[in-house]
Amino acid sequence: MANQIASVVKMKCPKCGEGDLFKNKNPYQFKGFFEMPDRCTNCNQDFMIEPGFYYGSMYVSYGITIGLTVAVFVAMTILNVFSIARFIIADVVTLVLSLPYVFKMSRALWLSLNVKSSSNVYP
Ligand SMILES: [Zn+2]
């Protein structure tokens, strides 16, 4: 489980935790942003399990986005600076800035949910 979380955060292959999921690892560098290798360079795990596989990552992305929106709301409430206008501005800024990372993170998480890790089989 810890290995799978680490592979999602580092955007590595969910099976072996070694191969990179994206050709360009920096989410804020847009050259080759969408490019993923077809297979893991280390364990040969297929990264495109079926056609349209990554449509499912949109649900993950939606969940992360809702989580960020709630986090902005809670932070503004705790800091006692909440107003609807400020909340909308802060939320839009947060979501736009985090979009490239959330995009890649949701693909990594979606793949991780669908591929068994080879390192933690019944510990
Ligand atoms: Zn691998």
# chains A, B, ... in the order shown; residues from 1 in each chain; ligands from 1
>>> residues_around(residues="stretch 84-101 of chain A", least_positions_apart="6", cutoff="9 Å", atoms="only C-alpha atoms", output="VMD selection string")
chain A and resid 26 to 28 30 33 65 68 to 69 72 to 73 76
>>> write_last_selection(atoms="C-alpha atoms", output="PDB file, in the first residue's frame")
ATOM      1  CA  ASN A  26       7.844  17.877 -14.813  1.00  0.00           C
ATOM      2  CA  PRO A  27       4.071  18.644 -14.840  1.00  0.00           C
ATOM      3  CA  TYR A  28       4.796  22.357 -15.308  1.00  0.00           C
ATOM      4  CA  PHE A  30       4.439  21.537 -21.328  1.00  0.00           C
ATOM      5  CA  PHE A  33       3.010  16.904 -21.605  1.00  0.00           C
ATOM      6  CA  THR A  65     -10.644  18.744  -7.590  1.00  0.00           C
ATOM      7  CA  LEU A  68      -8.957  20.874  -3.280  1.00  0.00           C
ATOM      8  CA  THR A  69     -12.114  23.015  -3.318  1.00  0.00           C
ATOM      9  CA  VAL A  72      -9.662  26.035   0.076  1.00  0.00           C
ATOM     10  CA  PHE A  73     -13.029  26.504   1.797  1.00  0.00           C
ATOM     11  CA  MET A  76     -10.463  30.362   4.318  1.00  0.00           C
TER      12      MET A  76
END
>>> residues_around(residues="A:Ser106", least_positions_apart="3", cutoff="9 Å", atoms="only C-alpha atoms", output="VMD selection string")
chain A and resid 8 57 to 62 64 101 to 103 109 to 111
>>> residues_around(residues="stretch 40-50 of chain A", least_positions_apart="2", cutoff="8 Å", atoms="only C-alpha atoms", output="PyMOL selection string")
chain A and resi 13+15-16+18-21+36-38+52-53+111
>>> closest_residue(among="A:Lys23, A:Lys12, A:Lys116, A:Lys31", to="ligand 1", atoms="only C-alpha atoms and all ligand atoms")
A:Lys12
>>> atom_distance(atom1="atom CA of A:Pro51", atom2="atom CA of A:Ser117")
21.8 Å
>>> closest_residue(among="A:Ser112, A:Tyr54, A:Gln29, A:Val70", to="A:Asn3", atoms="only C-alpha atoms")
A:Ser112
>>> select_by_dssp(residues="chain A", states="helix (DSSP H, G or I)", output="PyMOL selection string")
chain A and resi 2-10+53-78+84-114
>>> atom_distance(atom1="atom CA of A:Arg39", atom2="atom CA of A:Tyr55")
18.3 Å
>>> closest_residue(among="A:Val81, A:Leu113, A:Met11, A:Val74", to="ligand 1", atoms="only C-alpha atoms and all ligand atoms")
A:Met11
>>> closest_residue(among="A:Gly63, A:Asn80, A:Met105, A:Ala71", to="A:Ile5", atoms="only C-alpha atoms")
A:Met105
>>> atom_distance(atom1="atom CA of A:Ser118", atom2="atom CA of A:Gly67")
29.5 Å
>>> closest_residue(among="A:Val115, A:Ala6, A:Glu35, A:Lys104", to="ligand 1", atoms="only C-alpha atoms and all ligand atoms")
A:Val115
